[in-house]
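This is upload-v2.cif. It holds mmCIF, C-alpha atoms.
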```
data_start
#
loop_
_atom_site.label_atom_id
_atom_site.label_comp_id
_atom_site.auth_asym_id
_atom_site.auth_seq_id
_atom_site.Cartn_x
_atom_site.Cartn_y
_atom_site.Cartn_z
CA MET O 1 -22.56 -39.82 0.10
CA SER O 2 -20.78 -42.48 2.16
CA VAL O 3 -18.90 -45.51 0.84
CA ALA O 4 -17.88 -48.61 2.72
CA PRO O 5 -15.69 -50.71 0.44
CA PRO O 6 -14.87 -54.23 1.71
CA SER O 7 -11.33 -55.00 2.82
CA ALA O 8 -9.20 -57.88 1.72
CA GLY O 9 -10.00 -59.77 4.91
CA GLY O 10 -13.67 -59.19 4.64
CA ASP O 11 -13.78 -56.63 7.43
CA ASN O 12 -15.76 -53.46 6.88
CA LEU O 13 -13.91 -50.19 6.93
CA GLU O 14 -15.16 -46.97 8.32
CA GLU O 15 -17.39 -45.01 6.05
CA VAL O 16 -15.78 -41.92 4.46
CA ASP O 17 -17.77 -38.83 3.62
CA CYS O 18 -16.27 -36.64 0.87
CA ASN O 19 -17.86 -33.55 2.32
CA ASP O 20 -16.63 -34.11 5.88
CA PRO O 21 -13.25 -32.72 6.94
CA PRO O 22 -10.54 -35.26 7.85
CA PRO O 23 -10.11 -36.06 11.48
CA VAL O 24 -7.78 -33.98 13.56
CA ALA O 25 -5.58 -36.95 14.30
CA GLN O 26 -5.05 -37.62 10.60
CA VAL O 27 -4.16 -33.98 9.99
CA GLN O 28 -1.69 -33.99 12.86
CA SER O 29 -0.19 -37.25 11.61
CA ALA O 30 0.18 -35.84 8.12
CA ALA O 31 1.79 -32.70 9.51
CA GLY O 32 4.20 -34.81 11.51
CA ASP O 33 5.14 -36.90 8.50
CA ASN O 34 5.75 -33.77 6.44
CA ALA O 35 7.92 -32.32 9.14
CA GLU O 36 9.98 -35.51 9.19
CA THR O 37 10.41 -35.79 5.43
CA GLY O 38 10.67 -32.03 4.82
CA MET O 39 8.00 -32.19 2.12
CA ASP O 40 5.61 -29.36 1.44
CA PRO O 41 2.14 -30.38 2.66
CA SER O 42 0.55 -29.11 -0.52
CA LEU O 43 2.72 -31.51 -2.53
CA ARG O 44 2.00 -34.60 -0.42
CA PRO O 45 0.04 -37.25 -2.37
CA THR O 46 -3.45 -37.89 -1.12
CA THR O 47 -5.93 -40.65 -1.65
CA ILE O 48 -9.04 -39.71 -3.60
CA PRO O 49 -12.16 -41.42 -2.41
CA VAL O 50 -14.07 -43.47 -4.93
CA ASP O 51 -17.18 -41.31 -4.93
CA CYS O 52 -15.03 -38.19 -5.45
CA ALA O 53 -13.51 -39.50 -8.74
CA VAL O 54 -13.94 -37.37 -11.86
CA THR O 55 -16.42 -38.74 -14.34
CA THR O 56 -15.68 -39.33 -18.04
CA ALA O 57 -18.08 -36.59 -19.10
CA GLU O 58 -16.27 -34.05 -16.92
CA MET O 59 -12.92 -35.11 -18.37
CA GLN O 60 -14.26 -34.57 -21.88
CA GLN O 61 -15.51 -31.11 -20.93
CA HIS O 62 -12.09 -30.20 -19.45
CA PRO O 63 -9.45 -32.03 -21.53
CA ILE O 64 -5.85 -32.27 -20.39
CA SER O 65 -3.03 -31.38 -22.76
CA PRO O 66 -0.69 -34.20 -23.84
CA SER O 67 2.29 -32.59 -22.13
CA ALA O 68 0.39 -32.28 -18.86
CA ALA O 69 -0.82 -35.86 -19.14
CA GLY O 70 2.72 -37.00 -19.70
CA ARG O 71 3.93 -35.17 -16.60
CA LEU O 72 1.14 -36.76 -14.57
CA ALA O 73 2.11 -40.19 -15.88
CA GLY O 74 5.77 -39.61 -15.10
CA VAL O 75 6.84 -39.50 -18.76
CA SER O 76 9.15 -36.72 -19.89
CA PRO O 77 7.62 -34.60 -22.67
CA GLN O 78 8.93 -34.94 -26.22
CA VAL O 79 10.27 -31.66 -27.63
CA SER O 80 9.78 -31.16 -31.37
CA PRO O 81 12.50 -29.44 -33.46
CA SER O 82 10.10 -26.60 -34.22
CA ASP O 83 9.80 -25.75 -30.50
CA THR O 84 13.49 -24.82 -30.26
CA PRO O 85 15.30 -22.05 -32.19
CA SER O 86 17.03 -23.35 -35.27
CA LEU O 87 20.74 -23.55 -34.85
CA THR O 88 21.28 -23.42 -38.60
CA LEU O 89 20.61 -19.64 -38.59
CA ALA O 90 23.72 -18.91 -36.55
CA PRO O 91 26.28 -19.43 -39.37
CA LYS O 92 24.15 -17.41 -41.80
CA LEU O 93 23.84 -14.49 -39.36
CA LEU O 94 27.54 -14.66 -38.65
CA PHE O 95 28.30 -14.59 -42.39
CA ASN O 96 26.04 -11.56 -42.95
CA SER O 97 27.68 -9.74 -40.06
CA ASN O 98 31.13 -10.41 -41.49
CA VAL O 99 30.05 -9.14 -44.91
CA LYS O 100 28.68 -5.92 -43.40
CA LEU O 101 31.85 -5.40 -41.39
CA ASN O 102 33.98 -5.90 -44.50
CA HIS O 103 31.90 -3.37 -46.44
CA LEU O 104 32.18 -0.89 -43.58
CA LYS O 105 35.93 -1.43 -43.46
CA ASP O 106 36.33 -0.89 -47.23
CA TRP O 107 34.15 2.22 -47.16
CA SER O 108 36.08 3.69 -44.23
CA MET O 109 39.43 3.15 -45.93
CA SER O 110 38.16 4.65 -49.21
CA ALA O 111 36.67 7.68 -47.42
CA TYR O 112 39.92 8.23 -45.53
CA LYS O 113 42.03 8.06 -48.69
CA CYS O 114 39.73 10.39 -50.65
CA THR O 115 39.61 12.94 -47.81
CA LYS O 116 43.38 12.86 -47.50
CA GLN O 117 43.78 13.30 -51.26
CA MET O 118 41.35 16.24 -51.34
CA VAL O 119 43.15 18.01 -48.50
CA LEU O 120 46.55 17.48 -50.11
CA GLU O 121 45.24 18.78 -53.46
CA ASN O 122 43.90 21.93 -51.81
CA LEU O 123 47.30 22.43 -50.18
CA GLY O 124 49.05 21.85 -53.50
CA ARG O 125 51.00 18.85 -52.20
CA ALA O 126 49.39 16.08 -54.28
CA PRO O 127 49.19 15.61 -58.08
CA LYS O 128 45.77 15.87 -59.71
CA THR O 129 44.54 14.15 -62.87
CA VAL O 130 43.14 16.77 -65.28
CA ASP O 131 41.38 16.16 -68.58
CA LEU O 132 41.88 19.46 -70.38
CA GLU O 133 39.15 18.86 -72.97
CA ILE O 134 36.50 17.99 -70.38
CA GLU O 135 37.46 20.92 -68.20
CA ARG O 136 37.24 23.28 -71.16
CA GLN O 137 33.80 22.04 -72.16
CA VAL O 138 32.50 22.20 -68.61
CA GLU O 139 33.78 25.75 -68.22
CA LEU O 140 32.00 26.78 -71.43
CA LEU O 141 28.87 25.03 -70.20
CA ARG O 142 28.94 26.99 -66.96
CA ASP O 143 29.18 30.26 -68.87
CA THR O 144 26.34 29.19 -71.20
CA HIS O 145 24.21 28.17 -68.24
CA LYS O 146 24.69 31.58 -66.64
CA ARG O 147 23.82 33.49 -69.81
CA TYR O 148 20.79 31.36 -70.62
CA SER O 149 19.57 31.84 -67.06
CA ASP O 150 19.68 35.59 -67.68
CA ILE O 151 17.65 35.07 -70.87
CA ILE O 152 15.00 33.18 -68.90
CA ARG O 153 14.85 35.86 -66.22
CA LEU O 154 14.52 38.72 -68.73
CA SER O 155 11.96 36.79 -70.80
CA ARG O 156 9.78 36.37 -67.73
CA VAL O 157 10.07 40.08 -66.95
CA PHE O 158 9.10 40.90 -70.55
CA SER O 159 6.17 38.45 -70.40
CA ASN O 160 4.83 39.93 -67.17
CA SER O 161 5.17 43.50 -68.46
CA PHE O 162 3.52 42.58 -71.76
CA GLN O 163 0.66 40.90 -69.93
CA HIS O 164 0.07 44.07 -67.90
CA MET O 165 0.09 46.06 -71.15
CA LEU O 166 -2.55 43.76 -72.63
CA GLY O 167 -4.69 44.33 -69.58
CA SER O 168 -4.38 48.09 -70.04
CA GLN O 169 -5.26 47.82 -73.75
CA ARG O 170 -8.28 45.69 -72.97
CA ALA O 171 -9.49 48.21 -70.39
CA LEU O 172 -8.84 51.07 -72.82
CA GLY O 173 -10.90 49.35 -75.52
CA ASP O 174 -13.80 48.89 -73.11
CA THR O 175 -13.59 52.58 -72.19
CA PHE O 176 -13.69 53.62 -75.88
CA THR O 177 -16.76 51.45 -76.39
CA ASP O 178 -18.46 53.03 -73.39
CA MET O 179 -17.62 56.53 -74.60
CA ALA O 180 -19.09 55.71 -78.01
CA LEU O 181 -22.45 55.22 -76.30
CA LYS O 182 -22.23 58.37 -74.22
CA ALA O 183 -20.91 60.68 -76.99
CA PRO O 184 -22.94 60.09 -80.19
CA GLU O 185 -21.13 62.92 -81.95
CA LEU O 186 -17.80 60.96 -81.61
CA GLN O 187 -19.16 57.47 -81.89
CA PRO O 188 -17.33 56.51 -85.14
CA GLU O 189 -13.98 57.64 -83.77
CA PHE O 190 -14.44 55.86 -80.44
CA ASN O 191 -15.57 52.67 -82.15
CA ALA O 192 -12.55 52.73 -84.47
CA ASN O 193 -10.16 53.05 -81.54
CA ALA O 194 -12.00 50.35 -79.59
CA GLU O 195 -11.71 48.00 -82.57
CA THR O 196 -7.98 48.76 -82.86
CA GLN O 197 -7.42 47.95 -79.19
CA ARG O 198 -9.33 44.67 -79.51
CA LYS O 199 -7.16 43.60 -82.43
CA LEU O 200 -4.01 44.54 -80.53
CA VAL O 201 -5.17 42.53 -77.54
CA SER O 202 -5.93 39.52 -79.76
CA SER O 203 -2.52 39.67 -81.43
CA GLY O 204 -0.83 40.35 -78.11
CA GLU O 205 -2.31 37.22 -76.53
CA GLN O 206 -0.91 35.16 -79.38
CA LEU O 207 2.50 36.79 -78.98
CA LEU O 208 2.30 36.15 -75.23
CA SER O 209 1.73 32.45 -75.92
CA GLY O 210 4.84 32.41 -78.12
CA ILE O 211 6.93 34.16 -75.45
CA ASN O 212 5.79 31.74 -72.75
CA PHE O 213 6.57 28.78 -75.01
CA PHE O 214 10.05 30.18 -75.65
CA THR O 215 10.67 30.72 -71.93
CA SER O 216 9.44 27.25 -71.00
CA SER O 217 11.62 25.52 -73.60
CA VAL O 218 14.77 27.39 -72.61
CA ASN O 219 14.01 26.73 -68.94
CA THR O 220 13.81 22.98 -69.65
CA LEU O 221 17.14 23.11 -71.45
CA VAL O 222 18.87 25.04 -68.68
CA ASN O 223 17.38 23.66 -65.47
CA LYS O 224 16.96 20.03 -66.51
CA THR O 225 19.29 19.05 -69.34
CA MET O 226 22.26 21.18 -68.26
CA GLU O 227 21.74 20.39 -64.58
CA ASP O 228 21.79 16.68 -65.40
CA THR O 229 25.13 17.16 -67.13
CA PHE O 230 26.48 19.05 -64.12
CA GLU O 231 25.41 16.16 -61.89
CA SER O 232 27.30 13.75 -64.14
CA TYR O 233 30.36 16.01 -63.86
CA ARG O 234 30.11 15.94 -60.06
CA LEU O 235 30.05 12.13 -60.13
CA TYR O 236 33.03 12.20 -62.48
CA GLU O 237 34.93 14.41 -60.03
CA GLN O 238 34.24 11.97 -57.21
CA ALA O 239 35.52 9.08 -59.32
CA ARG O 240 38.56 11.16 -60.30
CA LEU O 241 39.34 11.96 -56.66
CA GLU O 242 39.05 8.30 -55.68
CA TYR O 243 41.27 7.28 -58.60
CA ASP O 244 43.97 9.78 -57.65
CA ALA O 245 43.86 8.62 -54.03
CA TYR O 246 44.42 4.97 -54.98
CA ARG O 247 47.00 5.95 -57.61
CA VAL O 248 49.07 7.86 -55.07
CA ASP O 249 48.72 4.99 -52.60
CA LEU O 250 49.99 2.52 -55.23
CA GLU O 251 52.92 4.75 -56.17
CA VAL O 252 53.96 5.11 -52.53
CA LEU O 253 53.68 1.35 -51.99
CA GLN O 254 55.75 0.60 -55.11
CA TRP O 255 58.44 2.92 -53.84
CA SER O 256 58.37 1.28 -50.40
CA ALA O 257 58.46 -2.23 -51.88
CA GLN O 258 62.04 -1.64 -52.95
CA ARG O 259 63.07 -1.38 -49.28
CA SER O 260 60.55 -3.47 -47.33
CA SER O 261 59.28 -7.01 -47.78
CA ALA O 262 56.01 -6.17 -45.98
CA SER O 263 55.16 -3.70 -48.72
CA VAL O 264 55.79 -6.35 -51.36
CA ALA O 265 53.16 -8.60 -49.72
CA ARG O 266 50.53 -5.84 -49.89
CA LEU O 267 51.34 -4.91 -53.48
CA PRO O 268 48.95 -7.37 -55.26
CA GLU O 269 45.94 -6.31 -53.17
CA VAL O 270 46.59 -2.59 -53.67
CA THR O 271 47.14 -3.11 -57.40
CA GLU O 272 43.81 -4.92 -57.71
CA ASN O 273 41.99 -2.11 -55.89
CA TYR O 274 43.68 0.43 -58.14
CA ASN O 275 42.54 -1.40 -61.28
CA ILE O 276 38.93 -1.46 -60.04
CA VAL O 277 38.94 2.26 -59.29
CA TYR O 278 40.66 3.05 -62.59
CA SER O 279 37.98 1.14 -64.54
CA LYS O 280 35.26 3.09 -62.74
CA PHE O 281 37.00 6.38 -63.49
CA GLU O 282 37.38 5.58 -67.18
CA LYS O 283 33.73 4.62 -67.42
CA MET O 284 32.63 7.90 -65.82
CA ARG O 285 34.92 9.92 -68.08
CA GLY O 286 33.62 8.22 -71.23
CA GLY O 287 29.99 8.74 -70.16
CA LEU O 288 30.59 12.42 -69.40
CA THR O 289 32.29 12.99 -72.75
CA VAL O 290 29.32 11.52 -74.62
CA LYS O 291 26.84 13.52 -72.55
CA LEU O 292 28.68 16.79 -73.21
CA ARG O 293 28.66 16.13 -76.94
CA LEU O 294 24.96 15.29 -77.01
CA LEU O 295 24.15 18.33 -74.90
CA GLU O 296 25.93 20.61 -77.34
CA GLU O 297 24.00 19.16 -80.28
CA ASN O 298 20.68 19.38 -78.44
CA LYS O 299 21.38 22.94 -77.31
CA VAL O 300 21.99 24.13 -80.87
CA LYS O 301 18.86 22.41 -82.16
CA VAL O 302 16.56 23.69 -79.40
CA MET O 303 17.85 27.26 -79.41
CA HIS O 304 17.68 27.49 -83.21
CA LYS O 305 14.00 26.55 -83.13
CA GLN O 306 13.14 28.86 -80.23
CA LEU O 307 15.01 31.88 -81.59
CA VAL O 308 13.33 31.54 -85.00
CA LEU O 309 9.94 31.37 -83.28
CA LEU O 310 10.58 34.43 -81.15
CA HIS O 311 11.87 36.46 -84.09
CA ARG O 312 8.91 35.64 -86.35
CA ALA O 313 6.31 36.22 -83.64
CA ILE O 314 7.66 39.59 -82.50
CA SER O 315 8.26 40.81 -86.08
CA ALA O 316 4.71 39.87 -87.14
CA TYR O 317 3.17 41.47 -84.05
CA TYR O 318 4.89 44.84 -84.28
CA SER O 319 4.39 45.01 -88.06
CA GLY O 320 0.66 44.43 -87.64
CA ASN O 321 0.76 41.14 -89.55
CA HIS O 322 -1.87 39.20 -87.64
CA GLU O 323 -1.97 36.37 -90.19
CA GLY O 324 1.83 36.04 -90.14
CA LEU O 325 1.75 35.76 -86.34
CA GLU O 326 -0.84 32.98 -86.45
CA LEU O 327 1.16 31.15 -89.12
CA ALA O 328 4.36 31.38 -87.07
CA LEU O 329 2.63 29.88 -84.02
CA GLN O 330 1.04 27.12 -86.08
CA GLN O 331 4.43 26.08 -87.44
CA PHE O 332 5.60 25.40 -83.89
CA ASN O 333 2.33 23.70 -82.82
CA ILE O 334 1.46 26.37 -80.26
CA LYS O 335 -2.23 26.41 -79.43
CA THR O 336 -3.77 29.81 -78.70
CA LEU O 337 -7.29 30.91 -77.96
CA PRO O 338 -8.89 32.17 -81.19
CA SER O 339 -10.17 35.70 -81.04
CA GLU O 340 -13.63 34.58 -82.23
CA SER O 341 -14.05 32.25 -79.25
CA GLN O 342 -13.14 34.87 -76.64
CA PRO O 343 -16.05 36.11 -74.57
CA VAL O 344 -17.53 39.42 -75.73
CA SER O 345 -18.20 42.09 -73.13
CA TRP O 346 -21.69 43.51 -72.64
CA LEU O 347 -20.52 46.86 -74.01
CA GLU O 348 -19.54 45.24 -77.31
CA ASN O 349 -22.93 43.60 -77.54
CA ILE O 350 -24.67 46.92 -77.03
CA THR O 351 -22.44 48.61 -79.62
CA GLY O 352 -23.06 45.86 -82.16
CA SER O 353 -26.83 46.16 -81.72
CA HIS O 354 -26.65 49.87 -82.53
#
```

Kindly transcribe the structure held in the file into structure tokens.
Amino acid sequence: MSVAPPSAGGDNLEEVDCNDPPPVAQVQSAAGDNAETGMDPSLRPTTIPVDCAVTTAEMQQHPISPSAAGRLAGVSPQVSPSDTPSLTLAPKLLFNSNVKLNHLKDWSMSAYKCTKQMVLENLGRAPKTVDLEIERQVELLRDTHKRYSDIIRLSRVFSNSFQHMLGSQRALGDTFTDMALKAPELQPEFNANAETQRKLVSSGEQLLSGINFFTSSVNTLVNKTMEDTFESYRLYEQARLEYDAYRVDLEVLQWSAQRSSASVARLPEVTENYNIVYSKFEKMRGGLTVKLRLLEENKVKVMHKQLVLLHRAISAYYSGNHEGLELALQQFNIKTLPSESQPVSWLENITGSH
């Protein structure tokens, strides 16, 4: 399409076709101007013909962002506060970093003092705080833990051996029942022995339940309750070591303060740290004392109950008192499989039919 807009003086201008390339002279002139001004040809402003203007519908289909429109209009874009990183986070991050560095510094100094104290104690060159009553109770607890561990080990051996014996008795009873069918002349004798073995197996399973209950209860006492007390003692030892380290440091500083003014300036800070560590040590010592006392009471109560159970169950079993064995297990709320509900073998069914 060609356009011939009128000029100001009424003269007609030359028609311009949007699809036709510009004349060579105009291109050369533009190149010369660019060479003179040093401007990139691609950045040189050009005149858009009227018929080549973008329609309103095309602008709505391809909208321009406000920032781009502002740049085209020569207006500098407005930057919102949310587009820039907040400067208020810098003091907070700096504060957190300082706190972490202070914690790391305190931990490093405490670890150094405790390590030094431990080495000097092992060399016999540093005093050590000792609570004779706690040490005596812990030593007795270690000996009790060792002996009760032996009881658990031997009880498990006895339980496994007794279980194998029950299996042999059950197999022997089935063999007697089978022989009663194959030897009619000895059927009463075989049936009597088979019945004896069945009763022994029934009583033995109840005794086995009592032994397993005894082993489980003692195992809980030894490997949970006592181990928890040992863990508390280890924490107490750590607090004791830290207390001795700060105590020695305070004593050395008090001795140096008599000869140096620099030591006098550090004395309040060291005294405050010593008081904090001493309070922690006293709290751990009081907690351990209470736990040792409660453990002793609980140990006596639990072992009294378990030893009475084991004695009654074994005595009733080996004396043939089946009712006494059931009563002993009922007193301790031990559930066993009743002999009537146990599955009957096919040999017993055949024998009962005869």

- Selection result of the PyMOL selection byres ((chain O and resi 316-320) around 12) on this file, as a VMD selection string: chain O and resid 196 199 to 208 210 to 211 309 to 315 321 to 329

- Message: Nearest residue to O:Phe332 out of O:Glu297, O:Lys182, O:Ser261, O:Ser209, using all atoms listed in the file?
- Response: O:Ser209

- stretch 233-250 of chain O: which residues within 8 Å, counting only C-alpha atoms, same-chain residues fewer than 6 positions away excluded, as a PyMOL selection string? chain O and resi 110+113-114+116-118+127-129+267+270-271+273-274+277-278+280-281+284-285+288

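Shortest atom-to-atom contact with O:Leu295 among O:Gln137, O:Ser256, O:Asn122, O:Ser263: O:Gln137, counting only C-alpha atoms.
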
- Message: Under the rule that only C-alpha atoms are counted, which of O:Ser279, O:Asp174, O:Leu307, O:Thr215 is the nearest residue to O:Val157?
- Response: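 Smallest distance to O:Val157 is found for O:Thr215.
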
- Message: So the first atom is atom CA of O:Ala126 and the second is atom CA of O:Lys291; what is the distance between them in Å, to one decimal place?
- Response: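 Those two atoms sit 29.1 Å apart.
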
- Query: What separation in Å, quoted to one decimal, exists between atom CA of O:Leu141 and atom CA of O:Lys299?
  - Reply: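 Interatomic distance, atom CA of O:Leu141 to atom CA of O:Lys299: 10.5 Å.
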
- Message: Once the PyMOL selection byres ((chain O and resi 302) around 12) has been evaluated on this model, what residues remain selected, and can you format them as JSON, numbers by chain?
- Response: {"O": [214, 215, 216, 217, 218, 219, 220, 221, 222, 225, 295, 296, 297, 298, 299, 300, 301, 303, 304, 305, 306, 307, 308, 309, 332]}

- Task: In Å, rounded to a single decimal, give me how far atom CA of O:Trp107 is from atom CA of O:Leu120.
- Result: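 That distance, rounded to one decimal, is 19.9 Å.
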
Evaluated on this file, the PyMOL selection byres ((chain O and resi 169) around 8) picks out some residues - which ones are they, written as a short mmCIF file (atom, residue, chain, number, x, y, z; two decimals) with C-alpha atoms, in the coordinates of the input?
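Saved the output as out_7.cif:
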```cif
data_model
loop_
_atom_site.label_atom_id
_atom_site.label_comp_id
_atom_site.auth_asym_id
_atom_site.auth_seq_id
_atom_site.Cartn_x
_atom_site.Cartn_y
_atom_site.Cartn_z
CA MET O 165 0.09 46.06 -71.15
CA LEU O 166 -2.55 43.76 -72.63
CA GLY O 167 -4.69 44.33 -69.58
CA SER O 168 -4.38 48.09 -70.04
CA ARG O 170 -8.28 45.69 -72.97
CA ALA O 171 -9.49 48.21 -70.39
CA LEU O 172 -8.84 51.07 -72.82
CA GLY O 173 -10.90 49.35 -75.52
CA GLN O 197 -7.42 47.95 -79.19
CA ARG O 198 -9.33 44.67 -79.51
CA LEU O 200 -4.01 44.54 -80.53
CA VAL O 201 -5.17 42.53 -77.54
#
```

- Selection near O:Ala180, 7 Å with only C-alpha atoms, sequence-local residues under 6 positions removed, as a ChimeraX atom specification: /O:186-187,190-191
